[in-house]
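Inspection log for the structure reproduced underneath, given as structure tokens.
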Amino acid sequence: MSADGEQQQQQVAVPTSQVDPFWPRTEATGSSVSIDEITRPPKMATVQVGDGVQFSPSLYEAHTMKTDFFDVIVVGGGNAAMCAALSARRTGARVLVLERATEHMRGGNTRHTRNIRCSHVGADQFFSGPYGEEEYLQDLIGVTGGPANLDLAKLAIRESSKLPAWMSMHGVYWQQPLNGTLHLGRTNRWFLGGGKALLNTYYRAAARMGITVRYNANVGDLIIENDRFEAVKLKVGNTEEIIRGGSVVVACGGYEANIEWLKLHWGDAADNFVIRGTPYNDGRVLAALLEHGAQTIGDPKGFHAIAVDARSPKFDGGIVTRLDAIPFGIVVNNQARRFYDEGEEIWPKRYAIWGGLIARQPGQIAFCIVDSKTIRKFLPPMFKPYEADSLEALAFRLGLDPNVFVSTVTEYNHAAAANKEMCMERLDGARTQGITPPKSNWAIPIDRPPFYGLPLRPGITFTYMGVTIDEKTRVINQSGTPFQNVYAAGEIMSGNILTKGYLGGFGLTIGAVFGVLAGREAGTNARG
Ligand SMILES: Cc1cc2nc3c(=O)[nH]c(=O)nc-3n(C[C@H](O)[C@H](O)[C@H](O)COP(=O)(O)OP(=O)(O)OC[C@H]3O[C@@H](n4cnc5c(N)ncnc54)[C@H](O)[C@@H]3O)c2cc1C
């Protein structure tokens, strides 16, 4: 989600005290500098990035090394990258995919996905009803307050109707939605086997079509001269390489795995964030593009973030760490006080704000409290909830002040006393009376022991700030004109559409629509 309603900025904060040989350009002088002065991203050495590979200063002098040439070079190995690679290959281009991860960890955040949001005119075997372009757009406007670029948002929605056929053509199979809490059966398509199966399908198609894929290929920079991409600089193991290309598609995610970068905008609170996906998306190629003069778009503090179990792994916990208990109970912070309306809207329209809400609480921790009436009504949590027979005992187990905690629950129970049942299928209007914040729906008392507490942390899915693109997915430079042959797709350009909030399944839509488009444009451009 976007923070504080801040507008897109031309200011990019960079740290001042770190010197990283991988970004050996001008030193930054302040804690926040203008984009014109931007020099380098946060020091990568301080960030856990999975393979721990560090670049040596000599990379910039490595021009004597062996080079190779491909028509289209795709940086990244997730949904956006593979859609771009497959699409570029269809233009006849020689395509190289550079994936930073090992083969078995390939695919970034896409590994964790399950469904994609597509417009369509009617029900079919996999959609339970129609979902027209206008309704889709209104849903998007409803959660974002309006996309950054309305034309690109409309393009994404229009083209999304073609995705099921395009994906099927490359070998994807579909399945009926599983029962869950997000109720997306009408708007979203579920691919059989989830994200890993989707990626395996795309990689198999790539192999069949003669696309070259290299793993452990850690791209650090692009050579761009006179607004024209010439080559990528990468490191494979300890070997530094330069590979020349006719055009490049950058599809290597956001910077959500870069805690130091997040700290620039969130301060030390970022130490308490959980990163739901790959540790590889540290934004180093995004930072390189900014250094080369790409125009940014999107709130640098903005991200998609949900509530995950506080006991989740720091990185890559995936979908199972998500907690969907919030509308069934109340949420208190570490002062044992409620801080937001837990029943404001149906869960698919609100789950993505809870990461940001918890990120703004002291210690970046909160606790969802339910009782024996509701504990079995949501998807079972991955970790066992804390359980106690009294509210005082539960407060003790959660490390909360028992007096304040009991008073918070008691006050809530009085305010919800008129409501006996909750109907989760709709906004049921069973609201609290006379408390702040209210709980606007599904507010029934928490009064039947045992009582349960689930500790919550902000779970960051992906960041929004990225590079500005045009309708051909060309990256725009600071003078407002496109680089000649640099294209972007996926999370790295999601800020062109997402300003705050999120629609479930839209991340893959953005990656697939702009990936297919970027691949086609890059291939056509490179082949003249
Ligand atoms: C738990 C979870 C569940 C989700 N579920 C859904 C869902 O069901 N539907 C949906 O639409 N969205 C979902 N999302 C969001 C979705 O994952 C993303 O929007 C989407 O996958 C982004 O695709 P991408 O290709 O831009 O990035 P990614 O899939 O993250 O791919 C980025 C790639 O770039 C590579 N890379 C990074 N840096 C470098 C570098 N320097 N050099 C070379 N390669 C590099 C990474 O290794 C990775 O392969 C989910 C996210 C998470 C975390």
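Chain labels A, B, ... are given in the sequence in which chains occur in the structure tokens; within each chain residues are numbered consecutively from 1, and ligands are likewise numbered from 1 in the order shown.
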Proximity of chain A to ligand 1: per-residue shortest pair, 7 Å limit, only C-alpha atoms and all ligand atoms, as a Markdown table:
```
| residue | atom | partner | partner_atom_place_in_ligand_line | distance |
| --- | --- | --- | --- | --- |
| A:Val75 | CA | ligand 1 | 43 (C) | 5.2 |
| A:Gly76 | CA | ligand 1 | 34 (O) | 3.4 |
| A:Gly77 | CA | ligand 1 | 49 (O) | 3.5 |
| A:Gly78 | CA | ligand 1 | 31 (O) | 3.6 |
| A:Asn79 | CA | ligand 1 | 25 (O) | 4.0 |
| A:Ala80 | CA | ligand 1 | 25 (O) | 3.8 |
| A:Ala81 | CA | ligand 1 | 25 (O) | 5.4 |
| A:Leu98 | CA | ligand 1 | 43 (C) | 5.4 |
| A:Glu99 | CA | ligand 1 | 44 (N) | 4.1 |
| A:Arg100 | CA | ligand 1 | 44 (N) | 3.9 |
| A:Ala101 | CA | ligand 1 | 47 (O) | 4.7 |
| A:Arg106 | CA | ligand 1 | 49 (O) | 5.4 |
| A:Gly107 | CA | ligand 1 | 49 (O) | 3.9 |
| A:Gly108 | CA | ligand 1 | 48 (C) | 3.5 |
| A:Asn109 | CA | ligand 1 | 30 (O) | 3.7 |
| A:Thr110 | CA | ligand 1 | 21 (O) | 3.4 |
| A:Arg111 | CA | ligand 1 | 29 (O) | 6.8 |
| A:His112 | CA | ligand 1 | 3 (C) | 4.6 |
| A:Thr113 | CA | ligand 1 | 5 (N) | 3.5 |
| A:Arg114 | CA | ligand 1 | 8 (O) | 3.8 |
| A:Asn115 | CA | ligand 1 | 8 (O) | 4.2 |
| A:Ile116 | CA | ligand 1 | 11 (O) | 4.8 |
| A:Arg117 | CA | ligand 1 | 11 (O) | 6.8 |
| A:Ala217 | CA | ligand 1 | 43 (C) | 5.6 |
| A:Asn218 | CA | ligand 1 | 42 (N) | 4.0 |
| A:Val219 | CA | ligand 1 | 42 (N) | 3.8 |
| A:Gly220 | CA | ligand 1 | 41 (N) | 5.5 |
| A:Ala251 | CA | ligand 1 | 26 (O) | 5.5 |
| A:Cys252 | CA | ligand 1 | 34 (O) | 3.2 |
| A:Gly253 | CA | ligand 1 | 27 (O) | 4.1 |
| A:Arg276 | CA | ligand 1 | 53 (C) | 4.6 |
| A:Gly277 | CA | ligand 1 | 53 (C) | 4.1 |
| A:Thr278 | CA | ligand 1 | 30 (O) | 6.6 |
| A:Tyr280 | CA | ligand 1 | 37 (C) | 4.9 |
| A:Asn281 | CA | ligand 1 | 37 (C) | 4.3 |
| A:Asp282 | CA | ligand 1 | 38 (N) | 6.2 |
| A:Gly283 | CA | ligand 1 | 38 (N) | 6.4 |
| A:Arg284 | CA | ligand 1 | 41 (N) | 5.7 |
| A:Val285 | CA | ligand 1 | 41 (N) | 5.6 |
| A:Gly318 | CA | ligand 1 | 1 (C) | 3.7 |
| A:Ile319 | CA | ligand 1 | 1 (C) | 4.0 |
| A:Thr461 | CA | ligand 1 | 53 (C) | 4.5 |
| A:Phe462 | CA | ligand 1 | 19 (O) | 7.0 |
| A:Ala489 | CA | ligand 1 | 26 (O) | 6.4 |
| A:Gly490 | CA | ligand 1 | 26 (O) | 3.3 |
| A:Glu491 | CA | ligand 1 | 26 (O) | 3.9 |
| A:Ile492 | CA | ligand 1 | 26 (O) | 6.2 |
| A:Gly504 | CA | ligand 1 | 9 (N) | 6.1 |
| A:Gly505 | CA | ligand 1 | 11 (O) | 3.2 |
| A:Phe506 | CA | ligand 1 | 11 (O) | 4.5 |
| A:Gly507 | CA | ligand 1 | 19 (O) | 3.3 |
| A:Leu508 | CA | ligand 1 | 11 (O) | 3.6 |
| A:Thr509 | CA | ligand 1 | 11 (O) | 6.0 |
| A:Gly511 | CA | ligand 1 | 26 (O) | 5.4 |
```
Each segment 375-443 of chain A residue no farther than 12 Å from segment 449-457 of chain A, nearest pair in Å, only C-alpha atoms, as a Markdown table:
```
| residue | atom | partner | partner_atom | distance |
| --- | --- | --- | --- | --- |
| A:Ile375 | CA | A:Tyr452 | CA | 7.6 |
| A:Arg376 | CA | A:Tyr452 | CA | 11.1 |
| A:Pro380 | CA | A:Leu454 | CA | 11.3 |
| A:Pro381 | CA | A:Leu454 | CA | 8.7 |
| A:Met382 | CA | A:Leu454 | CA | 10.6 |
| A:Phe383 | CA | A:Leu454 | CA | 8.7 |
| A:Lys384 | CA | A:Leu454 | CA | 8.3 |
| A:Pro385 | CA | A:Leu454 | CA | 5.3 |
| A:Tyr386 | CA | A:Gly453 | CA | 5.0 |
| A:Glu387 | CA | A:Tyr452 | CA | 4.6 |
| A:Ala388 | CA | A:Phe451 | CA | 5.4 |
| A:Asp389 | CA | A:Pro450 | CA | 4.4 |
| A:Ser390 | CA | A:Phe451 | CA | 6.6 |
| A:Leu391 | CA | A:Phe451 | CA | 6.7 |
| A:Glu392 | CA | A:Phe451 | CA | 10.0 |
| A:Ala393 | CA | A:Phe451 | CA | 9.1 |
| A:Leu394 | CA | A:Phe451 | CA | 6.9 |
| A:Ala395 | CA | A:Gly453 | CA | 8.6 |
| A:Phe396 | CA | A:Gly453 | CA | 10.9 |
| A:Arg397 | CA | A:Gly453 | CA | 8.7 |
| A:Leu398 | CA | A:Gly453 | CA | 7.2 |
| A:Gly399 | CA | A:Pro455 | CA | 10.6 |
| A:Leu400 | CA | A:Gly453 | CA | 10.9 |
| A:Phe405 | CA | A:Gly453 | CA | 11.7 |
| A:Val406 | CA | A:Phe451 | CA | 11.8 |
| A:Val409 | CA | A:Phe451 | CA | 11.2 |
```
**Message:** Could you list, as a list in words, every residue within 10 Å of Gln361 of chain A, counting only C-alpha atoms and ignoring same-chain residues fewer than 3 positions away?
**Reply:** Ala269, Val332, Asn333, Asn334, Gln335, Phe339, Gly356, Leu357, Ile358, Gln364, Ile365, Ala366 and Arg457 of chain A
**Asked** If you run DSSP on this backbone, which residues of segment 87-140 of chain A come out as strand (DSSP E), and could you give them as a PyMOL selection string?
**Response** chain A and resi 95-98+115-117
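Of the residues listed (A:Gly317, A:Pro164, A:Pro437, A:Gly459), A:Pro164 shows the shortest atom-to-atom separation from Cys118 of chain A; distances use only C-alpha atoms.
For the pair atom CA of Pro279 of chain A and atom CA of Leu234 of chain A, the interatomic distance is 17.8 Å.
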**Asked** If you count only C-alpha atoms, which residues fall within 10 Å of Asn226 of chain A, apart from same-chain ones fewer than 4 positions away, as an MDAnalysis selection string?
**Response** chainID A and resid 230 483:484
Filtering to N, CA and C atoms, could you give me those residues as a PDB file, in the first residue's frame?
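Printed below is again.pdb as written:
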```pdb
ATOM      1  N   GLU A 230      23.337  -1.109 -24.710  1.00  0.00           N
ATOM      2  CA  GLU A 230      24.367  -1.839 -25.462  1.00  0.00           C
ATOM      3  C   GLU A 230      24.598  -3.237 -24.892  1.00  0.00           C
ATOM      4  N   PHE A 483      14.037   5.677 -23.645  1.00  0.00           N
ATOM      5  CA  PHE A 483      15.283   5.052 -24.102  1.00  0.00           C
ATOM      6  C   PHE A 483      14.950   4.291 -25.383  1.00  0.00           C
ATOM      7  N   GLN A 484      15.941   4.140 -26.256  1.00  0.00           N
ATOM      8  CA  GLN A 484      15.647   3.566 -27.570  1.00  0.00           C
ATOM      9  C   GLN A 484      15.249   2.096 -27.534  1.00  0.00           C
TER      10      GLN A 484
END
```
**Prompt:** With only C-alpha atoms as the atoms that count, which of A:Leu140, A:Met424, A:Ala325, A:Ala415 lies nearest to Phe378 of chain A?
**Reply:** A:Ala325
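The nearest approach to Lys263 of chain A among the residues A:Met105, A:Ala359, A:Ala165, A:Val475, with only C-alpha atoms taken into account, belongs to A:Ala359.
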**Who sits within 12 Å of Gly480 of chain A, only C-alpha atoms, same chain under 2 positions skipped, as a ChimeraX atom specification** = /A:227,293-296,467-470,474-478,482-483
